[in-house]
Amino acid sequence: MNLVKIRRIAKGWSSYIFLAKDSKGNQLVLKEVREKSPRKDLAHREGEMLLRTNSVGVGPKVIEVNYKDNFVAMEYISGPKFLDWVMSENFDKEVSKEDLYFFIKDLYRQCLALDSLGLSHNQLQVGKNILVKSSNGKYFPVIIDFEKATMKTPDTTRNLGQIMSFLFYNPNGAVAKKVREKLEIEL
């Protein structure tokens with residue numbers, strides 16, 4: 001696949017994330033290993049995990065896993081991180097109780113799908129690895145960044161538990177407070 005990098009959109013501990021275009025002009029994300037990273041198996045780790053998650057309708061759609069050049073090309077998701085979305089003025093003014101309920105219901109479905117695979121994301125509890133995609137006035141969660149995910153037995157994965165704690169049960173969490181307020185839930 002012939003890809004052209006447009007700009008770097010993020011830098012992680014072991015990888016760079018670029019906005020790129022394919023030969024047809026379609027935007028996508030290119031994730032490649034950083035030169036100084038001790039973790040040299042990015043394509044294998046993240047690519048394999050994303051292919052598994054895609055099989056149950058979770059994560060950005062994989063375009064290419066390139067083992068030779070050690071990169072993963074995937075669908076570009078235009079939208080804020082969940083944490084930023086919840087803390088935004090837009091969330092306060094334009095997101096309804098029903099919109100948030102629909103979003104959380106789909107996020108729960110995705111977490112249950114990961115749990116049923118035995119795939120533990122391991123980094124969902126802070127909301128930065130969930131993007132908010134909007135389409136036709138609806139909001140959809142897209143779980144990203146499976147580089148540190150691990151395979152376990154389905155009875156030991158805790159993706160749903162992590163999300164439930166993050167969204168509702170953290171007594172001092174700003175996100176949990178705003179979610180409970182929007183859904184009119186008291187603990």
# chains A, B, ... in the order shown; residues from 1 in each chain; ligands from 1

$ residues_around --residues "range 124-132 of chain A" --least-positions-apart "3" --cutoff "9 Å" --atoms "only C-alpha atoms" --output "list of chain:residue names"
A:Ile77, A:Ser78, A:Gly79, A:Pro80, A:Lys81, A:Phe82, A:Leu83, A:Asp84, A:Trp85, A:Phe103, A:His121, A:Tyr139, A:Phe140, A:Pro141, A:Val142, A:Ile143, A:Ile144, A:Asp145, A:Phe146, A:Asn159, A:Gln162, A:Ile163, A:Met164, A:Ser165, A:Phe166, A:Leu167, A:Val175

$ write_last_selection --atoms "N, CA and C atoms" --output "PDB file, in the first residue's frame"
ATOM      1  N   ILE A  77     -10.402   8.087  12.759  1.00  0.00           N
ATOM      2  CA  ILE A  77     -11.602   8.473  13.508  1.00  0.00           C
ATOM      3  C   ILE A  77     -11.474   9.947  13.848  1.00  0.00           C
ATOM      4  N   SER A  78     -12.370  10.745  13.315  1.00  0.00           N
ATOM      5  CA  SER A  78     -12.373  12.175  13.596  1.00  0.00           C
ATOM      6  C   SER A  78     -13.285  12.418  14.787  1.00  0.00           C
ATOM      7  N   GLY A  79     -12.706  12.791  15.887  1.00  0.00           N
ATOM      8  CA  GLY A  79     -13.512  13.060  17.071  1.00  0.00           C
ATOM      9  C   GLY A  79     -12.627  13.207  18.295  1.00  0.00           C
ATOM     10  N   PRO A  80     -13.179  13.807  19.341  1.00  0.00           N
ATOM     11  CA  PRO A  80     -12.392  14.041  20.552  1.00  0.00           C
ATOM     12  C   PRO A  80     -12.221  12.778  21.379  1.00  0.00           C
ATOM     13  N   LYS A  81     -11.262  12.834  22.285  1.00  0.00           N
ATOM     14  CA  LYS A  81     -11.129  11.783  23.287  1.00  0.00           C
ATOM     15  C   LYS A  81     -12.329  11.888  24.221  1.00  0.00           C
ATOM     16  N   PHE A  82     -12.775  10.757  24.736  1.00  0.00           N
ATOM     17  CA  PHE A  82     -13.952  10.730  25.611  1.00  0.00           C
ATOM     18  C   PHE A  82     -13.802  11.699  26.779  1.00  0.00           C
ATOM     19  N   LEU A  83     -12.653  11.694  27.408  1.00  0.00           N
ATOM     20  CA  LEU A  83     -12.403  12.574  28.546  1.00  0.00           C
ATOM     21  C   LEU A  83     -12.611  14.043  28.166  1.00  0.00           C
ATOM     22  N   ASP A  84     -12.064  14.460  27.034  1.00  0.00           N
ATOM     23  CA  ASP A  84     -12.220  15.843  26.574  1.00  0.00           C
ATOM     24  C   ASP A  84     -13.668  16.156  26.223  1.00  0.00           C
ATOM     25  N   TRP A  85     -14.352  15.192  25.619  1.00  0.00           N
ATOM     26  CA  TRP A  85     -15.757  15.368  25.223  1.00  0.00           C
ATOM     27  C   TRP A  85     -16.630  15.612  26.447  1.00  0.00           C
ATOM     28  N   PHE A 103     -24.633   6.111  23.989  1.00  0.00           N
ATOM     29  CA  PHE A 103     -23.167   6.011  23.907  1.00  0.00           C
ATOM     30  C   PHE A 103     -22.647   4.966  24.894  1.00  0.00           C
ATOM     31  N   HIS A 121      -7.839  -4.742  27.555  1.00  0.00           N
ATOM     32  CA  HIS A 121      -7.238  -3.526  27.000  1.00  0.00           C
ATOM     33  C   HIS A 121      -6.174  -2.968  27.941  1.00  0.00           C
ATOM     34  N   TYR A 139     -23.730   9.828  18.842  1.00  0.00           N
ATOM     35  CA  TYR A 139     -22.348   9.711  19.292  1.00  0.00           C
ATOM     36  C   TYR A 139     -22.014   8.240  19.508  1.00  0.00           C
ATOM     37  N   PHE A 140     -20.834   7.839  19.025  1.00  0.00           N
ATOM     38  CA  PHE A 140     -20.425   6.441  19.094  1.00  0.00           C
ATOM     39  C   PHE A 140     -19.026   6.336  19.691  1.00  0.00           C
ATOM     40  N   PRO A 141     -18.801   5.374  20.589  1.00  0.00           N
ATOM     41  CA  PRO A 141     -17.457   5.173  21.125  1.00  0.00           C
ATOM     42  C   PRO A 141     -16.604   4.341  20.172  1.00  0.00           C
ATOM     43  N   VAL A 142     -15.333   4.694  20.094  1.00  0.00           N
ATOM     44  CA  VAL A 142     -14.368   3.892  19.342  1.00  0.00           C
ATOM     45  C   VAL A 142     -13.163   3.698  20.258  1.00  0.00           C
ATOM     46  N   ILE A 143     -12.957   2.469  20.699  1.00  0.00           N
ATOM     47  CA  ILE A 143     -11.825   2.154  21.573  1.00  0.00           C
ATOM     48  C   ILE A 143     -10.575   2.041  20.700  1.00  0.00           C
ATOM     49  N   ILE A 144      -9.522   2.714  21.131  1.00  0.00           N
ATOM     50  CA  ILE A 144      -8.268   2.745  20.365  1.00  0.00           C
ATOM     51  C   ILE A 144      -7.093   2.286  21.232  1.00  0.00           C
ATOM     52  N   ASP A 145      -5.940   2.169  20.620  1.00  0.00           N
ATOM     53  CA  ASP A 145      -4.659   1.912  21.261  1.00  0.00           C
ATOM     54  C   ASP A 145      -4.627   0.574  22.008  1.00  0.00           C
ATOM     55  N   PHE A 146      -4.458  -0.476  21.239  1.00  0.00           N
ATOM     56  CA  PHE A 146      -4.422  -1.831  21.795  1.00  0.00           C
ATOM     57  C   PHE A 146      -2.988  -2.363  21.946  1.00  0.00           C
ATOM     58  N   ASN A 159     -12.599  -5.401  31.314  1.00  0.00           N
ATOM     59  CA  ASN A 159     -12.850  -4.167  30.562  1.00  0.00           C
ATOM     60  C   ASN A 159     -14.149  -3.505  31.017  1.00  0.00           C
ATOM     61  N   GLN A 162     -13.771  -1.987  34.502  1.00  0.00           N
ATOM     62  CA  GLN A 162     -12.982  -0.753  34.478  1.00  0.00           C
ATOM     63  C   GLN A 162     -13.833   0.424  34.012  1.00  0.00           C
ATOM     64  N   ILE A 163     -14.602   0.209  32.965  1.00  0.00           N
ATOM     65  CA  ILE A 163     -15.434   1.295  32.424  1.00  0.00           C
ATOM     66  C   ILE A 163     -16.537   1.679  33.401  1.00  0.00           C
ATOM     67  N   MET A 164     -17.171   0.685  34.016  1.00  0.00           N
ATOM     68  CA  MET A 164     -18.233   1.001  34.980  1.00  0.00           C
ATOM     69  C   MET A 164     -17.683   1.824  36.137  1.00  0.00           C
ATOM     70  N   SER A 165     -16.525   1.445  36.658  1.00  0.00           N
ATOM     71  CA  SER A 165     -15.914   2.196  37.758  1.00  0.00           C
ATOM     72  C   SER A 165     -15.570   3.614  37.319  1.00  0.00           C
ATOM     73  N   PHE A 166     -14.976   3.729  36.151  1.00  0.00           N
ATOM     74  CA  PHE A 166     -14.582   5.034  35.627  1.00  0.00           C
ATOM     75  C   PHE A 166     -15.790   5.947  35.409  1.00  0.00           C
ATOM     76  N   LEU A 167     -16.862   5.386  34.839  1.00  0.00           N
ATOM     77  CA  LEU A 167     -18.025   6.205  34.490  1.00  0.00           C
ATOM     78  C   LEU A 167     -18.938   6.548  35.666  1.00  0.00           C
ATOM     79  N   VAL A 175     -15.163  13.032  35.611  1.00  0.00           N
ATOM     80  CA  VAL A 175     -15.945  12.398  34.551  1.00  0.00           C
ATOM     81  C   VAL A 175     -17.140  11.676  35.155  1.00  0.00           C
TER      82      VAL A 175
END

$ closest_atom_pairs --of "range 45-144 of chain A" --to "range 11-14 of chain A" --cutoff "12 Å" --atoms "only C-alpha atoms" --output "JSON lines"
{"residue": "A:Arg45", "atom": "CA", "partner": "A:Ser14", "partner_atom": "CA", "distance": 11.9}
{"residue": "A:Glu46", "atom": "CA", "partner": "A:Ser14", "partner_atom": "CA", "distance": 11.5}
{"residue": "A:Phe71", "atom": "CA", "partner": "A:Ser14", "partner_atom": "CA", "distance": 11.9}
{"residue": "A:Asn129", "atom": "CA", "partner": "A:Gly12", "partner_atom": "CA", "distance": 11.9}

$ write_last_selection --atoms "C-alpha atoms" --output "PDB file, in the first residue's frame"
ATOM      1  CA  ARG A  45       1.274  -6.669  18.959  1.00  0.00           C
ATOM      2  CA  GLU A  46      -1.084  -3.893  17.935  1.00  0.00           C
ATOM      3  CA  PHE A  71       3.446  -0.341  11.049  1.00  0.00           C
ATOM      4  CA  ASN A 129      -8.234   5.623  24.701  1.00  0.00           C
TER       5      ASN A 129
END

$ closest_residue --among "A:Val179, A:Lys148, A:Leu28, A:Ser23" --to "Val86 in chain A" --atoms "only C-alpha atoms"
A:Val179

$ closest_residue --among "A:Ser96, A:Ser116, A:Thr153, A:Ser88" --to "Ser55 in chain A" --atoms "only C-alpha atoms"
A:Ser116

$ residues_around --residues "Lys31 in chain A" --least-positions-apart "6" --cutoff "10 Å" --atoms "only C-alpha atoms" --output "JSON list (two decimals) with N, CA, C and O atoms, in the first residue's frame"
[["chain", "number", "residue", "atom", "x", "y", "z"],
["A", 8, "ARG", "N", 2.09, 14.43, 11.93],
["A", 8, "ARG", "CA", 2.05, 13.62, 13.15],
["A", 8, "ARG", "C", 0.92, 14.14, 14.02],
["A", 8, "ARG", "O", 0.84, 15.35, 14.27],
["A", 10, "ALA", "N", 0.06, 12.35, 17.05],
["A", 10, "ALA", "CA", 0.32, 11.96, 18.45],
["A", 10, "ALA", "C", 1.68, 11.26, 18.53],
["A", 10, "ALA", "O", 2.19, 10.72, 17.55],
["A", 11, "LYS", "N", 2.23, 11.30, 19.75],
["A", 11, "LYS", "CA", 3.47, 10.59, 20.02],
["A", 11, "LYS", "C", 3.25, 9.82, 21.30],
["A", 11, "LYS", "O", 2.95, 10.40, 22.34],
["A", 12, "GLY", "N", 3.37, 8.52, 21.20],
["A", 12, "GLY", "CA", 3.24, 7.67, 22.37],
["A", 12, "GLY", "C", 4.60, 7.28, 22.91],
["A", 12, "GLY", "O", 5.64, 7.69, 22.38],
["A", 15, "SER", "N", 5.53, 4.68, 20.08],
["A", 15, "SER", "CA", 5.12, 4.82, 18.68],
["A", 15, "SER", "C", 4.77, 6.26, 18.33],
["A", 15, "SER", "O", 4.52, 7.09, 19.20],
["A", 16, "TYR", "N", 4.76, 6.51, 17.03],
["A", 16, "TYR", "CA", 4.26, 7.76, 16.46],
["A", 16, "TYR", "C", 2.96, 7.43, 15.75],
["A", 16, "TYR", "O", 2.83, 6.37, 15.13],
["A", 17, "ILE", "N", 2.03, 8.38, 15.80],
["A", 17, "ILE", "CA", 0.76, 8.21, 15.09],
["A", 17, "ILE", "C", 0.65, 9.37, 14.09],
["A", 17, "ILE", "O", 0.75, 10.54, 14.48],
["A", 18, "PHE", "N", 0.47, 9.00, 12.84],
["A", 18, "PHE", "CA", 0.39, 9.99, 11.76],
["A", 18, "PHE", "C", -0.97, 9.96, 11.09],
["A", 18, "PHE", "O", -1.57, 8.89, 10.93],
["A", 19, "LEU", "N", -1.44, 11.12, 10.68],
["A", 19, "LEU", "CA", -2.54, 11.20, 9.74],
["A", 19, "LEU", "C", -1.90, 10.98, 8.38],
["A", 19, "LEU", "O", -0.87, 11.59, 8.07],
["A", 20, "ALA", "N", -2.47, 10.10, 7.58],
["A", 20, "ALA", "CA", -1.89, 9.76, 6.29],
["A", 20, "ALA", "C", -2.98, 9.67, 5.24],
["A", 20, "ALA", "O", -4.17, 9.70, 5.56],
["A", 42, "LEU", "N", 5.67, -3.66, 17.23],
["A", 42, "LEU", "CA", 4.41, -2.92, 17.14],
["A", 42, "LEU", "C", 3.42, -3.56, 16.19],
["A", 42, "LEU", "O", 2.27, -3.77, 16.54],
["A", 43, "ALA", "N", 3.85, -3.86, 14.98],
["A", 43, "ALA", "CA", 2.93, -4.43, 13.99],
["A", 43, "ALA", "C", 2.34, -5.74, 14.49],
["A", 43, "ALA", "O", 1.14, -5.99, 14.37],
["A", 46, "GLU", "N", 0.12, -4.70, 18.17],
["A", 46, "GLU", "CA", -1.08, -3.89, 17.93],
["A", 46, "GLU", "C", -1.89, -4.43, 16.76],
["A", 46, "GLU", "O", -3.11, -4.48, 16.81],
["A", 47, "GLY", "N", -1.22, -4.81, 15.71],
["A", 47, "GLY", "CA", -1.93, -5.32, 14.54],
["A", 47, "GLY", "C", -2.76, -6.55, 14.85],
["A", 47, "GLY", "O", -3.93, -6.64, 14.47],
["A", 65, "VAL", "N", -1.68, -4.39, 8.16],
["A", 65, "VAL", "CA", -0.66, -4.68, 9.17],
["A", 65, "VAL", "C", 0.59, -5.05, 8.38],
["A", 65, "VAL", "O", 0.60, -6.05, 7.68],
["A", 70, "ASN", "N", 6.97, -2.69, 9.96],
["A", 70, "ASN", "CA", 6.56, -2.51, 11.35],
["A", 70, "ASN", "C", 5.60, -1.33, 11.55],
["A", 70, "ASN", "O", 5.87, -0.42, 12.34],
["A", 71, "PHE", "N", 4.48, -1.36, 10.83],
["A", 71, "PHE", "CA", 3.45, -0.34, 11.05],
["A", 71, "PHE", "C", 2.06, -0.95, 10.89],
["A", 71, "PHE", "O", 1.89, -2.03, 10.34],
["A", 72, "VAL", "N", 1.09, -0.20, 11.42],
["A", 72, "VAL", "CA", -0.32, -0.57, 11.27],
["A", 72, "VAL", "C", -1.04, 0.63, 10.67],
["A", 72, "VAL", "O", -0.90, 1.75, 11.17],
["A", 73, "ALA", "N", -1.78, 0.40, 9.61],
["A", 73, "ALA", "CA", -2.62, 1.44, 9.01],
["A", 73, "ALA", "C", -4.06, 1.10, 9.37],
["A", 73, "ALA", "O", -4.48, -0.06, 9.26],
["A", 74, "MET", "N", -4.80, 2.11, 9.82],
["A", 74, "MET", "CA", -6.17, 1.88, 10.26],
["A", 74, "MET", "C", -7.06, 3.06, 9.93],
["A", 74, "MET", "O", -6.58, 4.14, 9.57],
["A", 145, "ASP", "N", -5.94, 2.17, 20.62],
["A", 145, "ASP", "CA", -4.66, 1.91, 21.26],
["A", 145, "ASP", "C", -4.63, 0.57, 22.01],
["A", 145, "ASP", "O", -4.70, 0.52, 23.22]]

$ select_by_dssp --residues "chain A" --states "alpha helix (DSSP H)" --output "PyMOL selection string"
chain A and resi 42+48-54+82-86+89-94+97-117+159-164+174-183

$ closest_residue --among "A:Leu160, A:Met87, A:Met1, A:Leu50" --to "Arg109 in chain A" --atoms "only C-alpha atoms"
A:Leu160
